[in-house]
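Everything below concerns the one structure shown next.
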Amino acid sequence: PRSFPRPPRPLGPYRSRFQPLEVTWDLATIGGRNDDQVLLLLPGTRYLLEATVQFQPVYTEDVMGARRISTWRRQVTSTTASRYAINDPNRTHTVEVRYHITIDPYVSPITLAREYTARRFAGDVGAAVGFLLIGFLLLRLHRRAARALR
């Protein structure tokens, strides 16, 4: 039956379409090096590395008007690196690194549509047939008027 749930598809084929997304932070602001993304971790310190990423589906529309996802555009829109002292005296010998990755919810999809679709073709054929009928009726009226004058 159509409404019967289908088993989930494996994610392997879809995962192979996505290459790893590299996020580069400005680590020089917290004592690191930007050229090779190295950060020396100091005891008693909490590091927070934040990033906002966008995943934008790109749809292609065929001549019949059906849409499908052709590719995904992805980019890192912002990054922030910060460092804080851990205030707990029992944890002055520890280092804490936190990653906070946010996916931008305000991304809209892109649709790449064909210039001339089947719907436009049908409309244009209908208009052409209409013009032919009007021309045929005008010709018929002209011939009747010409016969009436004879």
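Letters A, B, ... mark the chains of the structure tokens in the order given; residue numbers begin at 1 per chain; ligand numbers begin at 1, in order shown.
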
**OP:** Name all residues at most 9 Å from region 38-47 of chain A (count only C-alpha atoms; drop same-chain ones fewer than 2 positions away) and give them as a list in words.
**Re:**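 Near neighbours after the sequence-gap exclusion: Leu27, Ala28, Ile30, Gly31, Gly32, Arg33, Asn34, Asp35, Asp36, Leu49, Ala81, Ser82, Arg83, Tyr84, Ala85, Ile86, Asn87, Asp88, Pro89, Arg91, Thr92, His93, Thr94, Val95, Glu96, Val97, Arg98 and Tyr99 of chain A.
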
Give me a file of those residues, with N, CA and C atoms, as a PDB file, in the first residue's frame.
```
ATOM      1  N   LEU A  27      42.650  31.868  15.224  1.00  0.00           N
ATOM      2  CA  LEU A  27      43.216  31.426  16.497  1.00  0.00           C
ATOM      3  C   LEU A  27      44.254  32.395  17.052  1.00  0.00           C
ATOM      4  N   ALA A  28      44.704  33.344  16.253  1.00  0.00           N
ATOM      5  CA  ALA A  28      45.694  34.318  16.739  1.00  0.00           C
ATOM      6  C   ALA A  28      45.106  35.177  17.857  1.00  0.00           C
ATOM      7  N   ILE A  30      43.400  34.185  20.330  1.00  0.00           N
ATOM      8  CA  ILE A  30      43.424  33.474  21.617  1.00  0.00           C
ATOM      9  C   ILE A  30      44.756  32.763  21.846  1.00  0.00           C
ATOM     10  N   GLY A  31      45.799  33.212  21.158  1.00  0.00           N
ATOM     11  CA  GLY A  31      47.127  32.669  21.397  1.00  0.00           C
ATOM     12  C   GLY A  31      47.547  31.536  20.491  1.00  0.00           C
ATOM     13  N   GLY A  32      46.891  31.344  19.379  1.00  0.00           N
ATOM     14  CA  GLY A  32      47.247  30.269  18.457  1.00  0.00           C
ATOM     15  C   GLY A  32      47.879  30.818  17.188  1.00  0.00           C
ATOM     16  N   ARG A  33      48.058  29.915  16.211  1.00  0.00           N
ATOM     17  CA  ARG A  33      48.619  30.299  14.913  1.00  0.00           C
ATOM     18  C   ARG A  33      47.581  30.012  13.834  1.00  0.00           C
ATOM     19  N   ASN A  34      47.369  30.992  12.963  1.00  0.00           N
ATOM     20  CA  ASN A  34      46.369  30.841  11.914  1.00  0.00           C
ATOM     21  C   ASN A  34      46.863  30.038  10.728  1.00  0.00           C
ATOM     22  N   ASP A  35      48.165  30.114  10.427  1.00  0.00           N
ATOM     23  CA  ASP A  35      48.661  29.488   9.200  1.00  0.00           C
ATOM     24  C   ASP A  35      48.459  27.986   9.178  1.00  0.00           C
ATOM     25  N   ASP A  36      48.624  27.318  10.301  1.00  0.00           N
ATOM     26  CA  ASP A  36      48.416  25.869  10.346  1.00  0.00           C
ATOM     27  C   ASP A  36      47.358  25.458  11.373  1.00  0.00           C
ATOM     28  N   LEU A  49      35.060  27.492  20.456  1.00  0.00           N
ATOM     29  CA  LEU A  49      35.212  27.692  19.014  1.00  0.00           C
ATOM     30  C   LEU A  49      33.822  27.581  18.388  1.00  0.00           C
ATOM     31  N   ALA A  81      36.469  32.623  17.907  1.00  0.00           N
ATOM     32  CA  ALA A  81      37.294  31.856  18.849  1.00  0.00           C
ATOM     33  C   ALA A  81      37.469  32.708  20.106  1.00  0.00           C
ATOM     34  N   SER A  82      37.189  32.111  21.255  1.00  0.00           N
ATOM     35  CA  SER A  82      37.328  32.853  22.506  1.00  0.00           C
ATOM     36  C   SER A  82      37.923  31.953  23.584  1.00  0.00           C
ATOM     37  N   ARG A  83      38.468  32.607  24.601  1.00  0.00           N
ATOM     38  CA  ARG A  83      39.151  31.887  25.688  1.00  0.00           C
ATOM     39  C   ARG A  83      38.703  32.487  27.008  1.00  0.00           C
ATOM     40  N   TYR A  84      38.406  31.607  28.005  1.00  0.00           N
ATOM     41  CA  TYR A  84      37.959  32.037  29.326  1.00  0.00           C
ATOM     42  C   TYR A  84      38.712  31.251  30.377  1.00  0.00           C
ATOM     43  N   ALA A  85      38.898  31.865  31.521  1.00  0.00           N
ATOM     44  CA  ALA A  85      39.521  31.164  32.656  1.00  0.00           C
ATOM     45  C   ALA A  85      38.454  30.322  33.354  1.00  0.00           C
ATOM     46  N   ILE A  86      38.824  29.105  33.764  1.00  0.00           N
ATOM     47  CA  ILE A  86      37.907  28.253  34.517  1.00  0.00           C
ATOM     48  C   ILE A  86      37.951  28.726  35.967  1.00  0.00           C
ATOM     49  N   ASN A  87      36.782  29.076  36.516  1.00  0.00           N
ATOM     50  CA  ASN A  87      36.719  29.668  37.862  1.00  0.00           C
ATOM     51  C   ASN A  87      36.734  28.645  38.984  1.00  0.00           C
ATOM     52  N   ASP A  88      36.521  27.399  38.698  1.00  0.00           N
ATOM     53  CA  ASP A  88      36.488  26.355  39.717  1.00  0.00           C
ATOM     54  C   ASP A  88      37.917  26.037  40.159  1.00  0.00           C
ATOM     55  N   PRO A  89      38.274  26.254  41.448  1.00  0.00           N
ATOM     56  CA  PRO A  89      39.653  25.997  41.894  1.00  0.00           C
ATOM     57  C   PRO A  89      40.049  24.523  41.812  1.00  0.00           C
ATOM     58  N   ARG A  91      39.467  22.673  39.261  1.00  0.00           N
ATOM     59  CA  ARG A  91      39.676  22.325  37.863  1.00  0.00           C
ATOM     60  C   ARG A  91      40.733  23.199  37.200  1.00  0.00           C
ATOM     61  N   THR A  92      41.639  23.765  37.975  1.00  0.00           N
ATOM     62  CA  THR A  92      42.667  24.633  37.393  1.00  0.00           C
ATOM     63  C   THR A  92      43.707  23.847  36.592  1.00  0.00           C
ATOM     64  N   HIS A  93      43.716  22.533  36.735  1.00  0.00           N
ATOM     65  CA  HIS A  93      44.661  21.699  35.988  1.00  0.00           C
ATOM     66  C   HIS A  93      44.050  21.124  34.707  1.00  0.00           C
ATOM     67  N   THR A  94      42.789  21.455  34.434  1.00  0.00           N
ATOM     68  CA  THR A  94      42.120  20.896  33.253  1.00  0.00           C
ATOM     69  C   THR A  94      41.997  21.941  32.143  1.00  0.00           C
ATOM     70  N   VAL A  95      41.790  21.413  30.948  1.00  0.00           N
ATOM     71  CA  VAL A  95      41.551  22.247  29.771  1.00  0.00           C
ATOM     72  C   VAL A  95      40.215  21.801  29.171  1.00  0.00           C
ATOM     73  N   GLU A  96      39.407  22.781  28.794  1.00  0.00           N
ATOM     74  CA  GLU A  96      38.107  22.479  28.223  1.00  0.00           C
ATOM     75  C   GLU A  96      38.037  23.122  26.834  1.00  0.00           C
ATOM     76  N   VAL A  97      37.698  22.319  25.839  1.00  0.00           N
ATOM     77  CA  VAL A  97      37.521  22.835  24.472  1.00  0.00           C
ATOM     78  C   VAL A  97      36.100  22.502  24.044  1.00  0.00           C
ATOM     79  N   ARG A  98      35.358  23.535  23.660  1.00  0.00           N
ATOM     80  CA  ARG A  98      33.979  23.341  23.221  1.00  0.00           C
ATOM     81  C   ARG A  98      33.829  23.881  21.805  1.00  0.00           C
ATOM     82  N   TYR A  99      33.144  23.085  21.001  1.00  0.00           N
ATOM     83  CA  TYR A  99      32.797  23.496  19.643  1.00  0.00           C
ATOM     84  C   TYR A  99      31.305  23.777  19.610  1.00  0.00           C
TER      85      TYR A  99
END
```

**OP:** Could you give me the residues within region 91-129 of chain A that DSSP places in alpha helix (DSSP H), as a ChimeraX atom specification?
**Re:** /A:118-129

**OP:** For Ile110 (chain A), work out the shell of residues within 10 Å, counting only C-alpha atoms and skipping chain neighbours fewer than 5 positions away, then give it as a list in words.
**Re:**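 Close residues of Ile110 (chain A): Gln56, Pro57, Val58, Tyr59, Thr60, Ile69, Trp72 and Arg73 of chain A.
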
**OP:** Assign secondary structure with DSSP using the backbone only, and return the residues of region 13-150 of chain A in strand (DSSP E or B) as a ChimeraX atom specification.
**Re:** /A:32-33,38-39,45-61,67-85,95-103,110-113

Original post:
Can you tell me how far CA of Gln75 (chain A) sits from CA of Thr102 (chain A), in Å to one decimal?
Top reply: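 Rounded to one decimal, the two atoms are 12.0 Å apart.
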
**OP:** Return the single residue from A:Val76, A:Arg140, A:Arg6, A:Asp104 that is closest to Pro20 (chain A), with distances computed using only C-alpha atoms.
**Re:** A:Val76

**OP:** Grab the CA of Asp26 (chain A) to CA of Ile103 (chain A) distance for me, in Å with one decimal place.
**Re:**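 Interatomic distance here is 19.4 Å.
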
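With only C-alpha atoms as the basis for measurement, A:Met64 is the residue among A:Met64, A:Val53, A:Ala148, A:Ile134 that approaches Ala122 (chain A) most closely.
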
Original post:
Hey, what's within 10 Å of Arg119 (chain A) if we count only C-alpha atoms and toss same-chain stuff fewer than 5 positions away? As a list in words, please?
Top reply: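 Surrounding residues, per the criterion: Val63, Met64, Gly65, Asp124 and Val125 of chain A.
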
Once you have the residues from the selection above, write them out as a compact mmCIF listing (two decimals), in the first residue's frame, restricted to C-alpha atoms.
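Once written, part28.txt looks like this:
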```
# COMPACT_ATOMS: atom_id res chain seq x y z
CA VAL A 63 10.84 20.91 -18.90
CA MET A 64 7.88 19.14 -17.33
CA GLY A 65 8.18 21.24 -14.15
CA ASP A 124 2.08 29.04 -26.55
CA VAL A 125 0.47 26.26 -28.64
```
